[in-house]
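Novice: My file is data.txt. It has compact mmCIF, C-alpha atoms:
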# COMPACT_ATOMS: atom_id res chain seq x y z
CA MET A 283 0.00 0.00 0.00
CA ASP A 284 1.25 3.44 -0.86
CA THR A 285 1.28 5.01 2.59
CA THR A 286 2.24 8.34 1.07
CA GLN A 287 -1.15 8.63 -0.56
CA VAL A 288 -2.88 7.65 2.68
CA LEU A 289 -0.86 10.26 4.58
CA LYS A 290 -1.96 12.99 2.22
CA GLY A 291 -5.56 12.28 3.14
CA VAL A 292 -5.02 12.43 6.87
CA LEU A 293 -2.21 14.96 7.09
CA ASP A 294 -4.52 17.70 8.31
CA VAL A 295 -5.62 15.58 11.22
CA ALA A 296 -2.07 14.56 12.02
CA VAL A 297 -0.78 18.14 12.02
CA LEU A 298 -3.69 19.44 14.07
CA ALA A 299 -3.22 16.63 16.53
CA ALA A 300 0.51 17.29 16.82
CA ILE A 301 -0.08 20.95 17.57
CA SER A 302 -3.07 20.40 19.84
CA ARG A 303 -0.79 19.13 22.57
CA SER A 304 1.44 22.24 22.51
CA ASP A 305 2.38 25.00 20.11
CA GLY A 306 5.34 24.36 17.84
CA TYR A 307 7.34 25.83 14.96
CA GLY A 308 7.51 24.21 11.56
CA TYR A 309 10.51 22.00 11.88
CA GLU A 310 9.47 21.00 15.37
CA VAL A 311 6.11 19.81 14.04
CA VAL A 312 7.92 17.76 11.42
CA ARG A 313 10.00 16.10 14.10
CA ARG A 314 6.95 15.40 16.26
CA LEU A 315 5.22 13.64 13.41
CA ARG A 316 8.31 11.63 12.49
CA THR A 317 8.91 10.68 16.11
CA ALA A 318 5.31 9.51 16.30
CA GLY A 319 5.98 7.05 13.48
CA LEU A 320 5.35 9.02 10.30
CA GLY A 321 8.94 8.75 9.21
CA GLU A 322 8.16 9.08 5.51
CA ILE A 323 6.35 12.36 5.84
CA GLY A 324 7.77 15.07 3.65
CA ASP A 325 9.08 18.33 4.97
CA ALA A 326 7.31 20.32 2.32
CA SER A 327 4.04 18.51 2.95
CA VAL A 328 4.03 19.54 6.60
CA TYR A 329 5.16 23.04 5.81
CA GLY A 330 2.50 23.44 3.12
CA THR A 331 -0.17 21.99 5.38
CA LEU A 332 0.73 24.44 8.14
CA ARG A 333 0.36 27.28 5.66
CA ARG A 334 -2.99 26.03 4.44
CA LEU A 335 -4.41 25.41 7.90
CA PHE A 336 -3.23 28.84 9.00
CA ASN A 337 -4.90 30.49 6.00
CA ALA A 338 -8.08 28.57 6.80
CA GLY A 339 -8.08 29.97 10.32
CA LEU A 340 -7.49 26.60 11.95
CA LEU A 341 -4.08 27.68 13.25
CA SER A 342 -2.71 30.89 14.68
CA SER A 343 0.90 31.94 14.61
CA TYR A 344 3.29 34.13 16.50
CA VAL A 345 7.01 34.82 16.33
CA VAL A 346 9.37 33.97 19.14
CA PRO A 347 12.85 35.56 19.06
CA SER A 348 15.68 33.10 19.28
CA GLU A 349 19.28 33.71 20.31
CA GLU A 350 20.51 30.53 18.65
CA GLY A 351 19.22 31.14 15.16
CA PRO A 352 16.38 32.72 13.24
CA HIS A 353 13.18 33.89 14.83
CA ARG A 354 10.79 30.99 15.08
CA LYS A 355 7.25 31.13 13.85
CA TYR A 356 5.15 29.11 16.24
CA TYR A 357 1.78 27.68 15.33
CA GLY A 358 -1.03 27.08 17.77
CA ILE A 359 -4.45 25.58 17.23
CA THR A 360 -7.46 27.89 17.24
CA ALA A 361 -10.93 27.11 18.49
CA LEU A 362 -11.98 26.52 14.91
CA GLY A 363 -9.05 24.18 14.46
CA ASP A 364 -9.86 22.35 17.62
CA ALA A 365 -13.41 21.80 16.42
CA GLN A 366 -12.14 20.63 13.08
CA LEU A 367 -9.77 18.23 14.80
CA LYS A 368 -12.58 16.68 16.83
CA THR A 369 -14.72 16.26 13.71
CA SER A 370 -11.83 14.78 11.76
CA ALA A 371 -10.99 12.45 14.62
CA LYS A 372 -14.51 11.05 14.56
CA GLU A 373 -14.36 10.59 10.81
CA TRP A 374 -10.98 8.91 11.07
CA THR A 375 -12.18 6.61 13.82
CA HIS A 376 -15.21 5.64 11.77
CA LEU A 377 -13.08 5.03 8.69
CA ARG A 378 -10.55 3.02 10.66
CA GLN A 379 -13.29 0.86 12.20
CA THR A 380 -14.79 0.26 8.79
CA ILE A 381 -11.47 -0.82 7.32
CA ASP A 382 -10.70 -2.95 10.37
CA SER A 383 -14.06 -4.64 10.03
CA LEU A 384 -13.44 -5.45 6.37
CA LEU A 385 -10.00 -6.83 7.11
CA ASP A 386 -11.39 -8.83 10.04
CA GLU A 387 -13.98 -10.45 7.80
CA ALA A 388 -11.19 -11.41 5.46
CA ASN A 389 -9.29 -12.95 8.38
CA LEU A 390 -6.39 -10.64 7.75
CA VAL A 391 -6.26 -8.96 11.13
CA MET B 256 29.14 29.72 6.54
CA PHE B 257 26.55 31.88 8.27
CA GLU B 258 26.58 35.62 8.36
CA GLN B 259 24.57 36.91 11.29
CA SER B 260 23.57 40.47 11.99
CA ALA B 261 20.86 41.45 14.47
CA ASN B 262 19.46 37.94 14.23
CA VAL B 263 19.15 38.21 10.45
CA ILE B 264 21.02 35.20 9.19
CA SER B 265 22.13 34.86 5.62
CA ASP B 266 23.04 31.36 4.60
CA PRO B 267 23.96 31.02 0.92
CA VAL B 268 22.88 27.39 0.88
CA VAL B 269 19.43 28.34 2.12
CA GLU B 270 19.23 31.29 -0.25
CA ASP B 271 20.12 29.08 -3.20
CA TYR B 272 17.50 26.52 -2.28
CA VAL B 273 14.80 29.10 -1.64
CA ALA B 274 15.56 30.77 -4.95
CA ALA B 275 15.39 27.44 -6.74
CA VAL B 276 12.07 26.55 -5.10
CA SER B 277 10.77 30.01 -5.92
CA SER B 278 11.63 29.48 -9.56
CA TRP B 279 9.19 26.56 -9.66
CA LEU B 280 6.36 28.41 -7.97
CA PRO B 281 3.95 30.37 -10.15
CA ASP B 282 4.43 34.10 -10.03
CA SER B 283 0.70 34.50 -9.53
CA ASP B 284 0.70 32.30 -6.46
CA ASN B 285 -0.97 34.20 -3.63
CA GLN B 286 1.31 35.17 -0.77
CA HIS B 287 4.31 34.07 -2.80
CA ASP B 288 6.80 36.20 -0.88
CA ASP B 289 5.17 35.35 2.42
CA VAL B 290 5.53 31.66 1.72
CA LEU B 291 9.15 32.06 0.72
CA GLY B 292 9.90 34.12 3.80
CA ASP B 293 8.56 31.40 6.08
CA LEU B 294 10.30 28.76 4.00
CA ARG B 295 13.61 30.56 4.47
CA ASP B 296 13.20 30.49 8.26
CA HIS B 297 12.13 26.89 8.10
CA LEU B 298 15.18 25.87 6.10
CA ARG B 299 17.47 27.73 8.46
CA GLU B 300 16.15 25.57 11.28
CA ILE B 301 17.04 22.49 9.27
CA ARG B 302 20.48 23.88 8.55
CA LEU B 303 21.09 24.52 12.23
CA GLU B 304 20.70 20.82 12.89
CA ASN B 305 22.49 19.77 9.71
CA PRO B 306 25.10 22.47 9.10
CA SER B 307 27.24 20.42 6.75
CA ALA B 308 24.50 18.72 4.76
CA ASP B 309 23.25 19.71 1.35
CA LEU B 310 19.58 20.66 1.46
CA THR B 311 18.98 18.80 -1.77
CA LEU B 312 20.08 15.58 -0.11
CA ILE B 313 17.74 16.17 2.84
CA LEU B 314 14.70 17.67 1.14
CA GLY B 315 14.95 16.48 -2.43
CA SER B 316 15.14 18.60 -5.52
CA PRO B 317 13.72 22.14 -5.35
CA ARG B 318 11.22 21.24 -8.07
CA ASP B 319 9.87 18.26 -6.10
CA TYR B 320 9.82 20.38 -2.97
CA ALA B 321 7.85 23.09 -4.76
CA ARG B 322 5.39 20.53 -6.11
CA GLU B 323 4.90 18.97 -2.68
CA LEU B 324 4.59 22.38 -1.07
CA GLN B 325 1.92 23.48 -3.51
CA THR B 326 -0.03 20.26 -3.16
CA ALA B 327 -0.01 20.45 0.63
CA ALA B 328 -0.74 24.16 0.71
CA GLY B 329 -3.61 23.70 -1.70
CA THR B 330 -2.45 26.32 -4.14
CA GLY B 331 -3.61 25.54 -7.59
CA SER B 332 -1.45 25.00 -10.57
CA GLU B 333 1.39 22.67 -11.45
CA PRO B 334 4.71 24.07 -10.23
CA GLY B 335 6.33 26.18 -12.86
CA ALA B 336 3.38 25.96 -15.23
CA ALA B 337 2.47 29.60 -14.85
CA SER B 338 6.01 30.77 -14.35
CA GLY B 339 7.86 32.11 -17.35
CA TRP B 340 11.36 31.11 -18.32
CA ALA B 341 12.66 34.56 -17.52
CA SER B 342 11.38 34.53 -13.97
CA ARG B 343 12.67 31.00 -13.36
CA VAL B 344 16.11 31.88 -14.64
CA ARG B 345 16.08 35.10 -12.66
CA ALA B 346 15.16 33.35 -9.44
CA ALA B 347 17.52 30.43 -9.99
CA SER B 348 20.44 32.75 -10.66
CA GLN B 349 19.77 34.93 -7.64
CA GLY B 350 22.26 33.21 -5.38
CA TRP B 351 24.82 32.80 -8.14
CA ARG B 352 24.72 36.45 -9.06
CA ALA B 353 25.69 37.35 -5.51
CA ALA B 354 28.47 34.78 -5.58
CA LEU B 355 29.84 36.14 -8.84
CA ALA B 356 29.83 39.74 -7.67
CA PRO B 357 33.56 39.71 -6.77
CA ALA B 358 34.40 38.54 -10.28
CA SER B 359 32.45 41.33 -11.93
CA TRP B 360 35.26 43.81 -11.31
CA ALA B 361 37.91 41.53 -12.78
CA VAL B 362 35.80 40.66 -15.81
CA GLY B 363 34.79 44.27 -16.35
CA GLY B 364 38.38 45.48 -16.13
CA ALA B 365 39.55 42.80 -18.54
CA SER B 366 36.80 43.70 -20.98
CA VAL B 367 37.73 47.39 -20.94
CA ALA B 368 41.40 46.49 -21.41
CA ALA B 369 40.47 44.25 -24.33
CA VAL B 370 38.50 47.01 -26.03
CA ILE B 371 41.35 49.51 -25.63
CA PHE B 372 43.88 46.92 -26.79
CA THR B 373 41.82 46.14 -29.87
CA LEU B 374 41.29 49.80 -30.73
CA MET B 375 45.06 50.32 -30.57
CA GLY B 376 45.53 47.62 -33.15
CA GLY B 377 47.06 45.05 -30.88
CA GLY B 378 46.02 41.60 -29.97
CA GLY B 379 44.80 39.29 -32.63
CA ILE B 380 43.52 35.80 -32.12
CA TYR B 381 46.09 34.89 -29.48
CA ALA B 382 45.28 37.90 -27.33
CA ALA B 383 41.58 37.12 -27.71
CA LEU B 384 42.20 33.55 -26.57
CA ALA B 385 44.21 34.79 -23.61
CA LEU B 386 41.42 37.16 -22.66
CA ALA B 387 38.72 34.50 -22.99
CA GLY B 388 40.74 32.06 -20.94
CA ALA B 389 41.32 34.65 -18.25
CA ILE B 390 37.64 35.57 -18.02
CA VAL B 391 36.31 32.00 -17.94
CA GLY B 392 39.02 30.91 -15.54
CA THR B 393 38.26 33.82 -13.22
CA LEU B 394 34.56 33.01 -13.19
CA LEU B 395 35.19 29.34 -12.43
CA ALA B 396 37.67 30.18 -9.70
CA VAL B 397 35.25 32.60 -8.06
CA LEU B 398 32.45 30.05 -8.21
CA LEU B 399 34.61 27.36 -6.63
CA TRP B 400 35.67 29.79 -3.96
CA ALA B 401 32.26 31.30 -3.24
CA ARG B 402 30.18 28.12 -3.36
CA PRO B 403 32.12 25.44 -1.48
CA GLU B 404 28.94 23.96 -0.04
CA TYR B 405 27.37 23.61 -3.46
CA PHE B 406 30.38 21.91 -4.99
CA ARG B 407 31.10 19.72 -1.97
CA ALA B 408 28.05 17.62 -2.75
CA ARG B 409 28.79 17.63 -6.47
CA LYS B 410 32.26 16.27 -6.72
CA SER B 411 32.05 15.47 -10.42
CA LEU B 412 30.99 19.01 -11.21
CA ARG B 413 33.68 20.40 -8.95
CA ASN B 414 36.36 18.29 -10.62
CA ALA B 415 35.13 19.36 -14.03
CA CYS B 416 35.33 23.01 -12.99
CA VAL B 417 38.84 22.57 -11.63
CA VAL B 418 39.98 20.91 -14.86
CA ALA B 419 38.28 23.60 -16.92
CA ALA B 420 39.92 26.33 -14.85
CA ALA B 421 43.32 24.68 -15.35
CA LEU B 422 42.73 24.47 -19.10
CA CYS B 423 41.79 28.14 -19.12
CA LEU B 424 45.06 28.90 -17.36
CA VAL B 425 46.97 27.02 -20.06
CA VAL B 426 45.03 28.79 -22.81
CA THR B 427 45.73 32.14 -21.19
CA ALA B 428 49.46 31.40 -20.89
CA LEU B 429 49.74 30.21 -24.49
CA GLY B 430 47.71 33.15 -25.73
CA LEU B 431 49.96 35.60 -23.93
CA MET B 432 53.09 33.89 -25.29
CA PHE B 433 51.89 33.90 -28.87
CA SER B 434 50.50 37.41 -28.75
CA SER B 435 53.82 38.70 -27.41
CA GLY B 436 55.92 36.86 -30.00
CA ARG B 437 57.33 34.25 -27.64
CA GLY B 438 56.77 30.57 -27.37
CA PRO B 439 57.59 27.58 -29.54
CA PHE B 440 55.96 28.93 -32.68
CA ALA B 441 57.28 32.45 -32.46
CA ALA B 442 59.92 31.79 -35.15
CA ALA B 443 57.18 31.28 -37.71
CA GLU B 444 56.26 34.92 -37.42
CA LEU B 445 59.69 35.86 -38.78
CA GLU B 446 58.42 34.83 -42.20
CA PHE B 447 56.79 38.19 -42.49
CA PRO B 448 58.83 41.17 -43.65
CA VAL B 449 60.29 43.00 -40.71
CA GLN B 450 60.54 46.69 -41.21
CA PRO B 451 63.11 48.53 -39.12
CA LYS B 452 61.41 50.56 -36.46
CA PHE B 453 64.44 52.67 -35.60
CA GLY B 454 67.08 54.30 -37.74
CA PRO B 455 67.00 55.01 -41.46
CA GLU B 456 65.06 52.81 -43.80
CA VAL B 457 67.13 50.16 -45.52
CA SER B 458 67.19 51.05 -49.17
CA ALA B 459 69.72 48.58 -50.51
CA VAL B 460 71.18 45.27 -49.44
CA GLN B 461 74.37 44.19 -51.08
CA VAL B 462 76.04 40.83 -50.73
CA TYR B 463 79.77 40.26 -51.05
CA ASP B 464 81.84 37.07 -51.05
CA LEU B 465 84.85 36.50 -48.82
CA ASP B 466 87.14 38.10 -51.39
CA GLY B 467 85.21 41.33 -51.42
CA ASN B 468 83.51 40.73 -54.73
CA LYS B 469 79.94 41.90 -54.90
CA LEU B 470 77.51 39.13 -55.65
CA GLU B 471 74.54 39.77 -57.82
CA GLY B 472 71.40 37.83 -58.47
CA VAL B 473 71.64 36.05 -55.12
CA GLN B 474 68.81 35.02 -52.83
CA LEU B 475 68.99 35.11 -49.07
CA PHE B 476 67.98 32.30 -46.76
CA ASP B 477 68.13 31.99 -42.99
CA GLN B 478 69.70 29.15 -41.03
CA ASN B 479 66.44 27.20 -41.23
CA GLY B 480 66.18 27.40 -44.98
CA GLN B 481 63.46 30.01 -44.80
CA GLN B 482 63.60 32.57 -47.54
CA ILE B 483 64.33 36.06 -46.31
CA THR B 484 62.16 38.57 -48.02
CA LEU B 485 63.77 41.94 -48.37
CA ALA B 486 62.14 43.47 -51.35
CA THR B 487 58.68 44.82 -51.53
CA THR B 488 56.60 45.48 -54.53
CA PRO B 489 57.60 48.88 -55.88
CA GLU B 490 55.11 51.61 -55.65
CA MET B 491 53.03 51.03 -58.71
CA GLY B 492 52.12 54.14 -60.58
CA PHE B 493 49.82 54.81 -63.39
CA ASN B 494 52.47 53.97 -65.91
CA THR B 495 54.58 51.31 -64.21
CA GLU B 496 54.37 47.57 -64.33
CA TYR B 497 55.95 45.09 -61.94
CA LEU B 498 58.21 42.46 -63.46
CA PRO B 499 58.73 39.55 -61.12
CA TYR B 500 61.80 37.38 -61.06
CA ARG B 501 61.21 33.71 -61.47
CA GLY B 502 63.06 31.05 -59.55
CA PRO B 503 64.26 27.69 -60.86
CA ASN B 504 60.78 26.20 -60.57
CA SER B 505 59.12 29.19 -62.14
CA PHE B 506 57.95 30.39 -58.76
CA GLU B 507 57.97 34.05 -58.31
CA VAL B 508 60.91 35.22 -56.25
CA GLY B 509 60.37 38.15 -53.99
CA ASN B 510 63.67 38.59 -52.27
CA VAL B 511 65.61 40.14 -55.08
CA PHE B 512 66.57 43.69 -54.41
CA PRO B 513 65.84 46.06 -55.87
CA GLN B 514 62.62 45.04 -57.47
CA ARG B 515 62.38 45.43 -61.18
CA TRP B 516 59.68 47.41 -62.72
CA MET B 517 59.05 48.83 -66.10
CA LYS B 518 57.75 52.16 -67.19
CA VAL B 519 54.81 51.72 -69.47
CA ASN B 520 53.53 54.58 -71.56
CA ASN B 521 53.22 55.58 -75.12
CA ASP B 522 56.60 57.17 -75.20
CA ARG B 523 58.65 54.73 -77.20
CA ALA B 524 61.83 56.20 -75.75
CA SER B 525 61.05 54.95 -72.27
CA THR B 526 59.34 51.68 -72.94
CA GLY B 527 61.20 48.55 -72.13
CA THR B 528 63.36 50.30 -69.58
CA LEU B 529 64.15 48.28 -66.51
CA LEU B 530 64.95 50.34 -63.44
CA GLY B 531 65.67 49.60 -59.84
CA THR B 532 63.70 51.05 -57.00
CA GLY B 533 66.81 51.87 -55.01
CA PRO B 534 68.32 55.31 -54.97
CA ASP B 535 70.25 56.45 -57.98
CA THR B 536 73.48 56.42 -56.03
CA VAL B 537 73.26 52.71 -55.66
CA ALA B 538 73.40 50.52 -58.67
CA PRO B 539 73.13 46.99 -57.36
CA VAL B 540 71.72 45.79 -60.59
CA ALA B 541 73.34 46.08 -63.95
CA ALA B 542 72.26 49.02 -66.00
CA GLU B 543 70.76 46.67 -68.51
CA PRO B 544 69.74 43.69 -66.44
CA VAL B 545 69.34 40.48 -68.25
CA PRO B 546 65.88 39.00 -67.86
CA PRO B 547 65.61 35.46 -66.52
CA THR B 548 66.10 32.63 -68.90
CA GLY B 549 63.11 32.05 -71.09
CA TRP B 550 61.82 35.62 -70.93
CA SER B 551 61.33 37.64 -74.05
CA LEU B 552 60.32 41.12 -75.00
CA ILE B 553 57.03 41.33 -76.82
CA GLU B 554 55.02 44.17 -78.20
CA ARG B 555 51.42 44.56 -77.21
CA PRO B 556 48.71 45.65 -79.64
CA ASN B 557 48.82 49.14 -78.20
CA GLY B 558 52.49 49.39 -78.97
CA GLU B 559 53.81 48.76 -75.50
CA GLU B 560 56.74 46.44 -75.02
CA VAL B 561 56.83 44.17 -71.98
CA TRP B 562 58.91 41.26 -70.77
CA VAL B 563 57.02 38.00 -70.47
CA PRO B 564 58.09 34.47 -69.48
Just dump the structure as structure tokens.
Specialist:
Amino acid sequence: MDTTQVLKGVLDVAVLAAISRSDGYGYEVVRRLRTAGLGEIGDASVYGTLRRLFNAGLLSSYVVPSEEGPHRKYYGITALGDAQLKTSAKEWTHLRQTIDSLLDEANLV
Amino acid sequence: MFEQSANVISDPVVEDYVAAVSSWLPDSDNQHDDVLGDLRDHLREIRLENPSADLTLILGSPRDYARELQTAAGTGSEPGAASGWASRVRAASQGWRAALAPASWAVGGASVAAVIFTLMGGGGIYAALALAGAIVGTLLAVLLWARPEYFRARKSLRNACVVAAALCLVVTALGLMFSSGRGPFAAAELEFPVQPKFGPEVSAVQVYDLDGNKLEGVQLFDQNGQQITLATTPEMGFNTEYLPYRGPNSFEVGNVFPQRWMKVNNDRASTGTLLGTGPDTVAPVAAEPVPPTGWSLIERPNGEEVWVP
């Protein structure tokens, strides 16, 4: 199975979930997702998703000065984003249960 | 590697990558500059953790990155589809233009020198080769010096540039040698008549044997067997005609001094007269020189008499 294609469909949920725990800057979000097990996730995919979610009002951003390097642009989830995450989580759970059920009937799980 | 001022960090590797990604993003993309600004900060974070790595090795090609970025960001068109060639080239060369800035003075100075040199009548093909070699070599050297990170990950390209720079150095050296009359082929240029630049003009060359007897009808050769040309074609007037000497193989001989020429006009008294171009005080040629074997005097339909083979 091409997990890359699956990831594209659920990347919004993954990014929102990663930020819902605590705010983070772009590269930090990438690392969170990779540490969680999404090792094949592309840097540009996360970065582009952050931009899109921000433009949609699901994320807010603010700049934190850094003495080590460039100023960091942190992203935090908004109320709208939090609501979207809950909705998406339900949809994902339903989809996962459906797929699990089909695989169970085929004695593959 | 990094130049930091008031927390504004300029990393040429990041700038190159951002410029390359930008070249694949449509110009009409909304918030284009905003996206690139955030991307620059994002890439700097990556570079902080991987200071010696090439971004292309970590993130993939700029084109793939731009495509992935657009897909994830939900901005419409295929990367580069709406971007013209000019804008892509301009963006892609952004980092390189900055790197080549130090060379611009050298190349500009060389170009001005070349123009002045050419206007003064100097140079020729060897000087042009030397100039071209110097310019290309300078550009390559500056690129290798200003973009070590770029060439570190591209060893084949770096080696090719080093070899090309070395070849340019050789071309420059050879061009300078030839243009200045030195080098292994400089002797060949002595085939051309050499006019004295100082002192009086040579008007007569006379050859004597060891006993002091003047030799006539001789030809001069250098130690390499190259014919030494001393005579030039006499100034041809309205009523003069050049009469060449012929060598043993009927080839025209040009090193006989003085040149022979014949007055041609309707005055029968002066036709058929053979005179030297040297001054009257010198008579290196017999008053009535004998034409080469096989020549004869003929009369043209208009009454003129000329010597022909």
Novice: What are the residues of chain B that have an atom within 9 Å of an atom of chain A, counting only C-alpha atoms, as a ChimeraX atom specification?
Specialist: /B:259,262-264,290,293-294,296-301,303,314,320-330
Novice: Kindly give the distance, in Å, that separates CA of Leu395 in chain B and CA of Asn414 in chain B, rounded to a single decimal.
Specialist: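 Rounded to one decimal, the two atoms are 11.3 Å apart.
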Novice: Would you work out the distance separating CA of Asp477 in chain B from CA of Ala428 in chain B, expressed in Å to one decimal?
Specialist: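 If I compute the distance from CA of Asp477 in chain B to CA of Ala428 in chain B, I get 28.9 Å.
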Novice: Which residues come within 8 Å of Tyr356 in chain A, counting all atoms listed in the file, excluding same-chain residues fewer than 2 positions away, as an NGL selection string?
Specialist: :A and (305-308 or 343-346 or 354 or 358)
Novice: Separation of CA of Thr393 in chain B and CA of Ala361 in chain B, in Å?
Specialist: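 These atoms are spaced 7.7 Å apart.
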Novice: Write out as a list in words which residues come within 12 Å of Leu320 in chain A when counting only C-alpha atoms, dropping same-chain ones fewer than 5 positions away.
Specialist: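 Within the cut-off, the hits are Thr285, Thr286, Val288, Leu289, Lys290, Val292, Leu293, Ala296, Val297, Ala300, Val311, Val312, Arg313, Arg314, Leu315, Asp325 and Val328 of chain A.
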Novice: I'd like to know which of B:Ala308, B:Val462, B:Ala368, B:Leu399 is closest to Val418 in chain B, using only C-alpha atoms.
Specialist: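 When distances to Val418 in chain B are compared using only C-alpha atoms, the smallest one comes from B:Leu399.
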